[in-house]
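Shown next: input10.txt, given as compact mmCIF, C-alpha atoms.
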# COMPACT_ATOMS: atom_id res chain seq x y z
CA MET A 29 30.07 -17.18 -36.25
CA LYS A 30 26.50 -17.51 -37.15
CA GLN A 31 25.55 -15.43 -40.19
CA LYS A 32 29.19 -14.79 -41.18
CA ASP A 33 31.59 -17.24 -39.60
CA CYS A 34 35.02 -18.43 -40.63
CA HIS A 35 33.43 -21.15 -42.79
CA VAL A 36 31.67 -18.54 -44.90
CA LYS A 37 33.40 -17.19 -47.98
CA GLY A 38 35.21 -13.97 -47.19
CA VAL A 39 36.09 -14.77 -43.57
CA ARG A 40 39.11 -16.99 -43.17
CA GLU A 41 41.30 -18.40 -40.47
CA MET A 42 44.68 -16.80 -41.06
CA GLN A 43 47.45 -16.25 -38.56
CA GLY A 44 50.95 -16.53 -39.97
CA ALA A 45 50.27 -18.89 -42.84
CA MET A 46 50.70 -16.12 -45.41
CA THR A 47 54.25 -15.30 -44.29
CA PRO A 48 56.94 -17.13 -46.28
CA ILE A 49 60.01 -18.65 -44.66
CA LYS A 50 63.36 -17.38 -45.95
CA GLU A 51 66.77 -18.82 -45.20
CA ILE A 52 69.14 -16.27 -43.64
CA GLN A 53 72.13 -16.40 -41.33
CA LEU A 54 72.23 -15.14 -37.75
CA GLU A 55 74.90 -12.56 -38.60
CA GLN A 56 72.49 -10.98 -41.12
CA MET A 57 69.79 -10.32 -38.53
CA THR A 58 71.01 -6.97 -37.22
CA GLN A 59 71.27 -5.32 -40.64
CA LEU A 60 68.03 -6.86 -41.89
CA ARG A 61 66.15 -5.71 -38.82
CA GLU A 62 67.45 -2.16 -39.10
CA ARG A 63 66.44 -1.93 -42.75
CA SER A 64 63.08 -3.48 -41.94
CA LYS A 65 62.44 -0.92 -39.18
CA THR A 66 63.25 1.92 -41.56
CA VAL A 67 60.72 0.73 -44.13
CA SER A 68 58.17 -0.15 -41.45
CA ALA A 69 58.24 3.41 -40.07
CA VAL A 70 57.43 4.79 -43.53
CA LEU A 71 54.60 2.29 -44.05
CA ASN A 72 53.06 3.11 -40.68
CA LYS A 73 53.25 6.85 -41.23
CA GLU A 74 51.65 6.54 -44.66
CA LEU A 75 48.80 4.38 -43.34
CA GLN A 76 48.11 6.71 -40.41
CA THR A 77 47.91 9.66 -42.82
CA TYR A 78 45.39 7.84 -44.99
CA LEU A 79 43.26 6.86 -41.98
CA LYS A 80 43.02 10.43 -40.71
CA THR A 81 41.65 11.47 -44.09
CA ILE A 82 39.08 8.71 -44.59
CA THR A 83 37.87 8.32 -40.99
CA PRO A 84 34.58 10.22 -41.55
CA LEU A 85 33.51 7.52 -44.02
CA PHE A 86 33.71 4.84 -41.32
CA ALA A 87 31.23 6.27 -38.80
CA PRO A 88 29.91 3.37 -36.68
CA ARG A 89 26.49 4.97 -36.74
CA LYS A 90 26.23 3.86 -40.39
CA VAL A 91 25.88 0.35 -38.99
CA LEU A 92 24.01 0.83 -35.71
CA GLY A 93 22.00 3.99 -36.33
CA GLU A 94 19.55 4.60 -33.50
CA TYR A 95 20.85 1.46 -31.73
CA MET A 96 23.94 3.42 -30.65
CA GLN A 97 24.00 6.41 -28.33
CA SER A 98 24.37 9.52 -30.45
CA ALA A 99 23.33 13.16 -30.66
CA SER A 100 21.57 12.31 -33.91
CA ARG A 101 18.11 10.77 -33.80
CA ASP A 102 17.87 9.98 -37.48
CA LYS A 103 17.12 6.37 -38.31
CA VAL A 104 19.49 4.31 -40.46
CA VAL A 105 18.17 1.79 -42.96
CA GLY A 106 19.17 -1.72 -41.91
CA ALA A 107 20.19 -0.74 -38.37
CA GLU A 108 17.75 -3.14 -36.74
CA LYS A 109 19.06 -6.10 -38.73
CA ASN A 110 22.66 -5.04 -38.13
CA PHE A 111 22.11 -4.78 -34.40
CA SER A 112 20.57 -8.25 -34.37
CA ILE A 113 23.59 -9.75 -36.15
CA ILE A 114 26.03 -7.96 -33.85
CA LEU A 115 24.07 -8.91 -30.74
CA GLU A 116 23.99 -12.60 -31.62
CA ASN A 117 27.68 -12.80 -32.47
CA TYR A 118 28.71 -10.60 -29.54
CA LYS A 119 27.02 -12.95 -27.08
CA ALA A 120 28.40 -16.06 -28.81
CA VAL A 121 32.03 -14.87 -28.91
CA LEU A 122 32.05 -13.71 -25.30
CA ARG A 123 30.37 -16.89 -24.10
CA ASP A 124 32.19 -19.51 -26.18
CA THR A 125 35.65 -17.95 -26.27
CA PHE A 126 36.00 -15.86 -23.13
CA GLY A 127 33.49 -17.49 -20.76
CA HIS A 128 31.41 -14.36 -20.20
CA ASN A 129 27.62 -14.23 -20.30
CA ALA A 130 27.25 -10.71 -21.62
CA LYS A 131 24.20 -8.74 -22.64
CA LEU A 132 24.14 -5.89 -25.10
CA SER A 133 21.52 -3.30 -24.28
CA SER A 134 20.17 -0.89 -26.85
CA PRO A 135 21.31 1.74 -27.50
CA VAL A 136 24.91 0.59 -27.09
CA PRO A 137 27.47 3.05 -25.69
CA ALA A 138 28.75 5.48 -28.31
CA ILE A 139 31.70 4.19 -30.31
CA GLN A 140 34.21 6.91 -31.06
CA ASN A 141 34.78 7.30 -34.77
CA GLU A 142 38.56 7.21 -34.59
CA LEU A 143 40.29 4.62 -36.72
CA VAL A 144 43.42 2.87 -35.50
CA ALA A 145 45.64 0.29 -37.18
CA GLU A 146 47.52 -2.05 -34.87
CA PRO A 147 50.06 -4.63 -36.07
CA TRP A 148 48.65 -8.03 -36.95
CA VAL A 149 49.87 -10.22 -34.09
CA TYR A 150 49.47 -13.99 -33.82
CA SER A 151 50.87 -16.81 -31.73
CA GLY A 152 52.93 -19.74 -32.93
CA ASN A 153 54.11 -23.01 -31.41
CA LEU A 154 57.72 -23.71 -32.33
CA ASP A 155 58.35 -27.22 -31.04
CA GLY A 156 56.83 -26.46 -27.66
CA SER A 157 57.94 -22.84 -27.46
CA ILE A 158 55.00 -20.44 -27.69
CA LEU A 159 55.95 -17.16 -29.33
CA SER A 160 53.94 -14.18 -30.49
CA PHE A 161 54.68 -12.84 -33.96
CA SER A 162 53.90 -9.39 -35.30
CA SER A 163 53.81 -8.25 -38.90
CA PRO A 164 55.28 -4.94 -40.08
CA VAL A 165 53.19 -5.07 -43.27
CA ARG A 166 49.76 -6.17 -41.96
CA TRP A 167 47.43 -4.29 -39.62
CA VAL A 168 44.13 -4.80 -37.82
CA LEU A 169 41.77 -1.93 -38.61
CA SER A 170 39.46 -0.99 -35.74
CA TYR A 171 37.95 1.83 -33.77
CA ASP A 172 40.07 3.28 -31.00
CA CYS A 173 39.82 1.24 -27.83
CA SER A 174 41.84 0.92 -24.63
CA TYR A 175 42.35 -2.77 -25.50
CA ASP A 176 43.90 -4.21 -28.68
CA LEU A 177 44.92 -7.41 -30.44
CA PRO A 178 48.60 -7.37 -29.34
CA ARG A 179 47.48 -7.27 -25.70
CA LEU A 180 44.89 -10.00 -26.28
CA VAL A 181 47.44 -12.31 -27.91
CA SER A 182 49.89 -11.65 -25.07
CA GLU A 183 47.33 -12.50 -22.40
CA ARG A 184 45.97 -15.58 -24.16
CA THR A 185 49.41 -17.05 -24.87
CA LYS A 186 50.17 -16.69 -21.16
CA GLY A 187 46.97 -18.55 -20.32
CA GLU A 188 45.34 -15.42 -18.92
CA GLN A 189 41.68 -14.52 -19.41
CA PRO A 190 40.95 -10.94 -20.54
CA HIS A 191 39.04 -8.80 -18.04
CA PHE A 192 35.35 -8.41 -18.79
CA ASP A 193 35.51 -4.60 -18.90
CA SER A 194 38.36 -4.73 -21.42
CA ILE A 195 37.21 -7.45 -23.78
CA THR A 196 33.55 -6.42 -24.19
CA PRO A 197 34.15 -3.07 -25.97
CA PHE A 198 36.95 -4.71 -27.98
CA VAL A 199 34.57 -7.40 -29.28
CA LEU A 200 31.82 -4.88 -30.02
CA ASN A 201 34.17 -2.58 -31.94
CA ALA A 202 35.55 -5.47 -33.99
CA LEU A 203 32.05 -6.63 -34.94
CA VAL A 204 30.86 -3.15 -35.92
CA ILE A 205 33.76 -2.36 -38.24
CA TRP A 206 33.63 -5.88 -39.70
CA LEU A 207 29.94 -5.51 -40.53
CA LEU A 208 30.51 -2.02 -41.96
CA LEU A 209 33.23 -3.24 -44.34
CA GLU A 210 31.43 -6.49 -45.11
CA SER A 211 28.39 -4.55 -46.30
CA SER A 212 30.25 -1.62 -47.93
CA PRO A 213 32.13 -2.74 -51.06
CA GLY A 214 32.82 0.90 -51.84
CA LEU A 215 34.93 1.30 -48.71
CA VAL A 216 36.80 -1.89 -49.53
CA ARG A 217 37.49 -0.57 -53.03
CA LEU A 218 38.74 2.68 -51.52
CA LEU A 219 41.24 0.87 -49.29
CA GLU A 220 42.33 -1.30 -52.19
CA GLY A 221 42.79 1.83 -54.29
CA LEU A 222 45.19 3.09 -51.62
CA GLY A 223 47.23 -0.06 -52.14
CA TYR A 224 45.99 -2.40 -49.38
CA SER A 225 44.28 -5.74 -49.71
CA VAL A 226 41.35 -6.12 -47.30
CA SER A 227 40.44 -9.40 -45.66
CA PHE A 228 38.26 -10.63 -42.81
CA GLU A 229 40.23 -13.06 -40.69
CA THR A 230 39.96 -15.00 -37.44
CA GLN A 231 42.32 -16.43 -34.84
CA PRO A 232 40.31 -19.31 -33.33
CA LYS A 233 42.75 -20.07 -30.51
CA ILE A 234 42.99 -16.43 -29.51
CA ALA A 235 39.59 -14.88 -30.22
CA GLY A 236 37.34 -17.70 -31.37
CA ALA A 237 35.17 -16.74 -34.34
CA LEU A 238 35.61 -13.00 -33.88
CA PRO A 239 36.37 -11.50 -37.32
CA PHE A 240 39.12 -8.93 -37.73
CA VAL A 241 39.44 -6.45 -40.57
CA VAL A 242 43.01 -6.88 -41.81
CA LEU A 243 44.86 -4.54 -44.16
CA THR A 244 47.85 -5.96 -46.00
CA SER A 245 50.48 -3.86 -47.72
CA PRO A 246 51.94 -5.07 -51.03
CA VAL A 247 55.38 -4.83 -49.42
CA PRO A 248 56.53 -8.41 -48.65
CA ALA A 249 57.76 -9.74 -45.31
CA PHE A 250 59.20 -13.07 -44.21
CA ARG A 251 60.13 -15.19 -41.22
CA PRO A 252 63.51 -16.89 -40.79
CA PRO A 253 63.52 -20.66 -40.10
CA ASP A 254 62.05 -21.65 -36.74
CA ASP A 255 65.38 -22.54 -35.15
CA LEU A 256 66.74 -19.07 -35.89
CA VAL A 257 63.55 -17.43 -34.61
CA ARG A 258 63.85 -19.34 -31.33
CA MET A 259 67.52 -18.41 -31.00
CA VAL A 260 66.87 -14.70 -31.57
CA ALA A 261 63.95 -14.72 -29.11
CA GLN A 262 66.09 -16.41 -26.46
CA LEU A 263 68.97 -14.00 -26.98
CA SER A 264 66.61 -11.05 -26.58
CA GLY A 265 65.10 -12.59 -23.47
CA GLY A 266 61.56 -12.29 -24.81
CA SER A 267 58.82 -14.41 -26.29
CA SER A 268 58.00 -12.33 -29.35
CA PHE A 269 59.38 -11.90 -32.85
CA GLU A 270 58.66 -9.32 -35.55
CA GLU A 271 58.63 -10.51 -39.13
CA ILE A 272 61.25 -8.96 -41.40
CA ILE A 273 60.43 -6.85 -44.42
CA ASP A 274 61.99 -8.34 -47.53
CA VAL A 275 63.60 -5.13 -48.81
CA ASP A 276 65.24 -6.99 -51.70
CA GLN A 277 61.79 -7.58 -53.20
CA ILE A 278 60.66 -3.95 -53.09
CA GLY A 279 62.28 -3.22 -56.45
CA VAL A 280 60.21 -5.89 -58.22
CA MET A 281 56.85 -5.04 -56.64
CA THR A 282 53.91 -4.62 -59.01
CA ASN A 283 51.03 -2.19 -58.84
CA PRO A 284 47.55 -3.83 -58.62
CA LEU A 285 46.16 -1.39 -61.20
CA GLN A 286 49.09 -2.17 -63.47
CA LEU A 287 48.33 -5.90 -63.28
CA LYS A 288 44.64 -5.29 -63.92
CA LEU A 289 45.33 -3.22 -67.02
CA GLN A 290 47.90 -5.72 -68.31
CA ALA A 291 45.39 -8.55 -67.90
CA LEU A 292 42.76 -6.51 -69.70
CA LEU A 293 45.03 -5.76 -72.63
CA SER A 294 46.33 -9.32 -72.89
CA ALA A 295 42.75 -10.61 -73.15
CA GLU A 296 42.09 -8.58 -76.31
Would you mind writing the file's structure down as structure tokens?
Amino acid sequence: MKQKDCHVKGVREMQGAMTPIKEIQLEQMTQLRERSKTVSAVLNKELQTYLKTITPLFAPRKVLGEYMQSASRDKVVGAEKNFSIILENYKAVLRDTFGHNAKLSSPVPAIQNELVAEPWVYSGNLDGSILSFSSPVRWVLSYDCSYDLPRLVSERTKGEQPHFDSITPFVLNALVIWLLLESSPGLVRLLEGLGYSVSFETQPKIAGALPFVVLTSPVPAFRPPDDLVRMVAQLSGGSSFEEIIDVDQIGVMTNPLQLKLQALLSAE
């Protein structure tokens, strides 16, 4: 993306490369999945609770100001520049990735300030078999929209083109929250203080240079070897696979603040 693309520091191409591969046996899958689902439910509930509390800090009007429909008429410093960046990247993503020549009139339709966290989903080619993978410990942070990343990945892996009316608000929302976090180190620090690492990531084959705000829990997850993944997907009759939480590693997890303080003390 111009201004802030995946070649610029801070925005990276990352799909499933961060997920380690762990050797397990097929007969272990049922128990591991059940334990993973138990932990995943807790992680999701905790994240949703946090988001409800901090949502007011993420108002999209902080980025767009008078360039977004709103009951408030107060101007926001930097809104004109922000709108210009969003407009340029909005048009580029829709044109280059989805084949739509879209305009973005000002003021843009109001974006509801309601945060949602959907699972980080990506596609993978396993020796000719295209599967979609989802992570139970990574989420895409965005504003509530009728369209989401899991649906986009599903459509794109099937060779389908997203409908114009669905993809345009999705792209706009992603750009607004990306620019808000990219220009608000305090919000990033807040999320990190809650225990999540924050990154700006792309999926070129799925969404071109569109940046996603990704939250990653310190809880580790893994993928079994590809042959086992294919076997499980075939047995379930689907084309998707959810990564497995490595519950054995939970007991040795470290706290980021703990590591920071230990590094500080060791440097004395």
Shell around stretch 281-295 of chain A at 12 Å using all atoms listed in the file, local window under 6 positions removed, as a compact mmCIF listing (two decimals) with C-alpha atoms, in the frame of the given file:
# COMPACT_ATOMS: atom_id res chain seq x y z
CA ARG A 217 37.49 -0.57 -53.03
CA GLU A 220 42.33 -1.30 -52.19
CA GLY A 221 42.79 1.83 -54.29
CA LEU A 222 45.19 3.09 -51.62
CA GLY A 223 47.23 -0.06 -52.14
CA TYR A 224 45.99 -2.40 -49.38
CA SER A 225 44.28 -5.74 -49.71
CA SER A 245 50.48 -3.86 -47.72
CA PRO A 246 51.94 -5.07 -51.03
CA VAL A 247 55.38 -4.83 -49.42
CA PRO A 248 56.53 -8.41 -48.65
CA ASP A 274 61.99 -8.34 -47.53
CA VAL A 275 63.60 -5.13 -48.81
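In terms of minimum interatomic distance to A:Ser157, A:Lys186 ranks closest within A:Lys80, A:Lys109, A:Lys186, A:Arg63, counting all atoms listed in the file.
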A:Ile272, A:Leu143, A:Leu159, A:Pro253 ranked by distance to A:Thr81, top pick (using all atoms listed in the file) |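 Of A:Ile272, A:Leu143, A:Leu159, A:Pro253, the one nearest A:Thr81 is A:Leu143, counting all atoms listed in the file.
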Residues within 9 Å of (36.3, -9.0, -34.9), counting only C-alpha atoms, listed as a VMD selection string = chain A and resid 170 198 to 206 228 to 230 235 237 to 241
Interatomic distance (Å, one decimal) between atom CA of A:Glu108 and atom CA of A:Arg89 =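 Going from atom CA of A:Glu108 over to atom CA of A:Arg89 covers 11.9 Å.
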Stretch 261-271 of chain A surroundings by all atoms listed in the file, 12 Å radius, close-in-sequence under 2 positions cut, as a VMD selection string | chain A and resid 44 46 to 50 54 57 60 to 62 64 to 65 68 147 to 154 157 to 166 178 181 to 182 185 to 186 248 to 259 273 to 274
Could you turn the residues from that selection into a file that holds C-alpha atoms, as a PDB file, keeping the file's coordinate frame?
ATOM      1  CA  GLY A  44      50.950 -16.530 -39.970  1.00  0.00           C
ATOM      2  CA  MET A  46      50.700 -16.120 -45.410  1.00  0.00           C
ATOM      3  CA  THR A  47      54.250 -15.300 -44.290  1.00  0.00           C
ATOM      4  CA  PRO A  48      56.940 -17.130 -46.280  1.00  0.00           C
ATOM      5  CA  ILE A  49      60.010 -18.650 -44.660  1.00  0.00           C
ATOM      6  CA  LYS A  50      63.360 -17.380 -45.950  1.00  0.00           C
ATOM      7  CA  LEU A  54      72.230 -15.140 -37.750  1.00  0.00           C
ATOM      8  CA  MET A  57      69.790 -10.320 -38.530  1.00  0.00           C
ATOM      9  CA  LEU A  60      68.030  -6.860 -41.890  1.00  0.00           C
ATOM     10  CA  ARG A  61      66.150  -5.710 -38.820  1.00  0.00           C
ATOM     11  CA  GLU A  62      67.450  -2.160 -39.100  1.00  0.00           C
ATOM     12  CA  SER A  64      63.080  -3.480 -41.940  1.00  0.00           C
ATOM     13  CA  LYS A  65      62.440  -0.920 -39.180  1.00  0.00           C
ATOM     14  CA  SER A  68      58.170  -0.150 -41.450  1.00  0.00           C
ATOM     15  CA  PRO A 147      50.060  -4.630 -36.070  1.00  0.00           C
ATOM     16  CA  TRP A 148      48.650  -8.030 -36.950  1.00  0.00           C
ATOM     17  CA  VAL A 149      49.870 -10.220 -34.090  1.00  0.00           C
ATOM     18  CA  TYR A 150      49.470 -13.990 -33.820  1.00  0.00           C
ATOM     19  CA  SER A 151      50.870 -16.810 -31.730  1.00  0.00           C
ATOM     20  CA  GLY A 152      52.930 -19.740 -32.930  1.00  0.00           C
ATOM     21  CA  ASN A 153      54.110 -23.010 -31.410  1.00  0.00           C
ATOM     22  CA  LEU A 154      57.720 -23.710 -32.330  1.00  0.00           C
ATOM     23  CA  SER A 157      57.940 -22.840 -27.460  1.00  0.00           C
ATOM     24  CA  ILE A 158      55.000 -20.440 -27.690  1.00  0.00           C
ATOM     25  CA  LEU A 159      55.950 -17.160 -29.330  1.00  0.00           C
ATOM     26  CA  SER A 160      53.940 -14.180 -30.490  1.00  0.00           C
ATOM     27  CA  PHE A 161      54.680 -12.840 -33.960  1.00  0.00           C
ATOM     28  CA  SER A 162      53.900  -9.390 -35.300  1.00  0.00           C
ATOM     29  CA  SER A 163      53.810  -8.250 -38.900  1.00  0.00           C
ATOM     30  CA  PRO A 164      55.280  -4.940 -40.080  1.00  0.00           C
ATOM     31  CA  VAL A 165      53.190  -5.070 -43.270  1.00  0.00           C
ATOM     32  CA  ARG A 166      49.760  -6.170 -41.960  1.00  0.00           C
ATOM     33  CA  PRO A 178      48.600  -7.370 -29.340  1.00  0.00           C
ATOM     34  CA  VAL A 181      47.440 -12.310 -27.910  1.00  0.00           C
ATOM     35  CA  SER A 182      49.890 -11.650 -25.070  1.00  0.00           C
ATOM     36  CA  THR A 185      49.410 -17.050 -24.870  1.00  0.00           C
ATOM     37  CA  LYS A 186      50.170 -16.690 -21.160  1.00  0.00           C
ATOM     38  CA  PRO A 248      56.530  -8.410 -48.650  1.00  0.00           C
ATOM     39  CA  ALA A 249      57.760  -9.740 -45.310  1.00  0.00           C
ATOM     40  CA  PHE A 250      59.200 -13.070 -44.210  1.00  0.00           C
ATOM     41  CA  ARG A 251      60.130 -15.190 -41.220  1.00  0.00           C
ATOM     42  CA  PRO A 252      63.510 -16.890 -40.790  1.00  0.00           C
ATOM     43  CA  PRO A 253      63.520 -20.660 -40.100  1.00  0.00           C
ATOM     44  CA  ASP A 254      62.050 -21.650 -36.740  1.00  0.00           C
ATOM     45  CA  ASP A 255      65.380 -22.540 -35.150  1.00  0.00           C
ATOM     46  CA  LEU A 256      66.740 -19.070 -35.890  1.00  0.00           C
ATOM     47  CA  VAL A 257      63.550 -17.430 -34.610  1.00  0.00           C
ATOM     48  CA  ARG A 258      63.850 -19.340 -31.330  1.00  0.00           C
ATOM     49  CA  MET A 259      67.520 -18.410 -31.000  1.00  0.00           C
ATOM     50  CA  ILE A 273      60.430  -6.850 -44.420  1.00  0.00           C
ATOM     51  CA  ASP A 274      61.990  -8.340 -47.530  1.00  0.00           C
TER      52      ASP A 274
END
Excluding A:Arg184 and any residue of its chain fewer than 3 positions from it, enumerate the residues within 10 Å of it, using all atoms listed in the file, and give them as a list in words.
->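 These residues fall inside the cut-off: Ser151, Arg179, Leu180, Val181, Gly187, Glu188, Gln189, Pro190, Lys233, Ile234 and Ala235 of chain A.
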Point-to-point distance in Å for atom CA of A:Asn141 and atom CA of A:Asp172 =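 Spanning atom CA of A:Asp172 to atom CA of A:Asn141 is a straight-line distance of 7.6 Å.
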Missing atoms in stretch 205-214 of chain A: fill them in up to all heavy atoms and send the result as an mmCIF file, keeping the file's coordinate frame.
data_model
loop_
_atom_site.group_PDB
_atom_site.id
_atom_site.type_symbol
_atom_site.label_atom_id
_atom_site.label_comp_id
_atom_site.auth_asym_id
_atom_site.auth_seq_id
_atom_site.Cartn_x
_atom_site.Cartn_y
_atom_site.Cartn_z
ATOM 1 N N ILE A 205 32.977 -2.727 -37.059
ATOM 2 C CA ILE A 205 33.760 -2.360 -38.240
ATOM 3 C C ILE A 205 33.786 -3.499 -39.258
ATOM 4 O O ILE A 205 33.818 -3.270 -40.477
ATOM 5 C CB ILE A 205 35.187 -1.902 -37.866
ATOM 6 C CG1 ILE A 205 35.796 -1.115 -39.025
ATOM 7 C CG2 ILE A 205 36.070 -3.084 -37.452
ATOM 8 C CD1 ILE A 205 37.020 -0.323 -38.661
ATOM 9 N N TRP A 206 33.730 -4.736 -38.781
ATOM 10 C CA TRP A 206 33.630 -5.880 -39.700
ATOM 11 C C TRP A 206 32.345 -5.800 -40.513
ATOM 12 O O TRP A 206 32.356 -5.919 -41.744
ATOM 13 C CB TRP A 206 33.672 -7.196 -38.908
ATOM 14 C CG TRP A 206 33.053 -8.352 -39.657
ATOM 15 C CD1 TRP A 206 33.565 -8.999 -40.755
ATOM 16 C CD2 TRP A 206 31.796 -8.969 -39.389
ATOM 17 N NE1 TRP A 206 32.702 -9.994 -41.169
ATOM 18 C CE2 TRP A 206 31.611 -9.989 -40.342
ATOM 19 C CE3 TRP A 206 30.814 -8.767 -38.415
ATOM 20 C CZ2 TRP A 206 30.474 -10.803 -40.364
ATOM 21 C CZ3 TRP A 206 29.688 -9.578 -38.423
ATOM 22 C CH2 TRP A 206 29.523 -10.574 -39.395
ATOM 23 N N LEU A 207 31.215 -5.557 -39.841
ATOM 24 C CA LEU A 207 29.940 -5.510 -40.530
ATOM 25 C C LEU A 207 29.865 -4.314 -41.482
ATOM 26 O O LEU A 207 29.279 -4.399 -42.559
ATOM 27 C CB LEU A 207 28.790 -5.460 -39.516
ATOM 28 C CG LEU A 207 27.381 -5.722 -40.061
ATOM 29 C CD1 LEU A 207 27.328 -7.051 -40.818
ATOM 30 C CD2 LEU A 207 26.364 -5.717 -38.927
ATOM 31 N N LEU A 208 30.480 -3.195 -41.087
ATOM 32 C CA LEU A 208 30.510 -2.020 -41.960
ATOM 33 C C LEU A 208 31.249 -2.337 -43.253
ATOM 34 O O LEU A 208 30.748 -2.063 -44.353
ATOM 35 C CB LEU A 208 31.186 -0.852 -41.240
ATOM 36 C CG LEU A 208 31.403 0.408 -42.096
ATOM 37 C CD1 LEU A 208 30.076 0.996 -42.543
ATOM 38 C CD2 LEU A 208 32.225 1.444 -41.338
ATOM 39 N N LEU A 209 32.442 -2.929 -43.142
ATOM 40 C CA LEU A 209 33.230 -3.240 -44.340
ATOM 41 C C LEU A 209 32.611 -4.374 -45.140
ATOM 42 O O LEU A 209 32.641 -4.371 -46.370
ATOM 43 C CB LEU A 209 34.668 -3.599 -43.938
ATOM 44 C CG LEU A 209 35.718 -2.482 -43.856
ATOM 45 C CD1 LEU A 209 36.005 -1.928 -45.234
ATOM 46 C CD2 LEU A 209 35.289 -1.383 -42.928
ATOM 47 N N GLU A 210 32.032 -5.345 -44.444
ATOM 48 C CA GLU A 210 31.430 -6.490 -45.110
ATOM 49 C C GLU A 210 30.241 -6.065 -45.979
ATOM 50 O O GLU A 210 29.961 -6.679 -47.006
ATOM 51 C CB GLU A 210 30.991 -7.523 -44.060
ATOM 52 C CG GLU A 210 30.783 -8.932 -44.575
ATOM 53 C CD GLU A 210 29.377 -9.142 -45.127
ATOM 54 O OE1 GLU A 210 28.496 -8.308 -44.837
ATOM 55 O OE2 GLU A 210 29.177 -10.127 -45.846
ATOM 56 N N SER A 211 29.575 -5.008 -45.569
ATOM 57 C CA SER A 211 28.390 -4.550 -46.300
ATOM 58 C C SER A 211 28.651 -3.286 -47.124
ATOM 59 O O SER A 211 27.720 -2.703 -47.671
ATOM 60 C CB SER A 211 27.243 -4.280 -45.324
ATOM 61 O OG SER A 211 27.612 -3.300 -44.355
ATOM 62 N N SER A 212 29.913 -2.859 -47.203
ATOM 63 C CA SER A 212 30.250 -1.620 -47.930
ATOM 64 C C SER A 212 31.373 -1.874 -48.919
ATOM 65 O O SER A 212 32.538 -1.531 -48.663
ATOM 66 C CB SER A 212 30.669 -0.524 -46.934
ATOM 67 O OG SER A 212 29.679 -0.302 -45.959
ATOM 68 N N PRO A 213 31.074 -2.465 -50.068
ATOM 69 C CA PRO A 213 32.130 -2.740 -51.060
ATOM 70 C C PRO A 213 32.846 -1.487 -51.515
ATOM 71 O O PRO A 213 34.007 -1.545 -51.910
ATOM 72 C CB PRO A 213 31.361 -3.408 -52.214
ATOM 73 C CG PRO A 213 29.919 -3.022 -52.011
ATOM 74 C CD PRO A 213 29.740 -2.913 -50.528
ATOM 75 N N GLY A 214 32.169 -0.336 -51.437
ATOM 76 C CA GLY A 214 32.820 0.900 -51.840
ATOM 77 C C GLY A 214 33.981 1.257 -50.940
ATOM 78 O O GLY A 214 35.021 1.747 -51.406
#
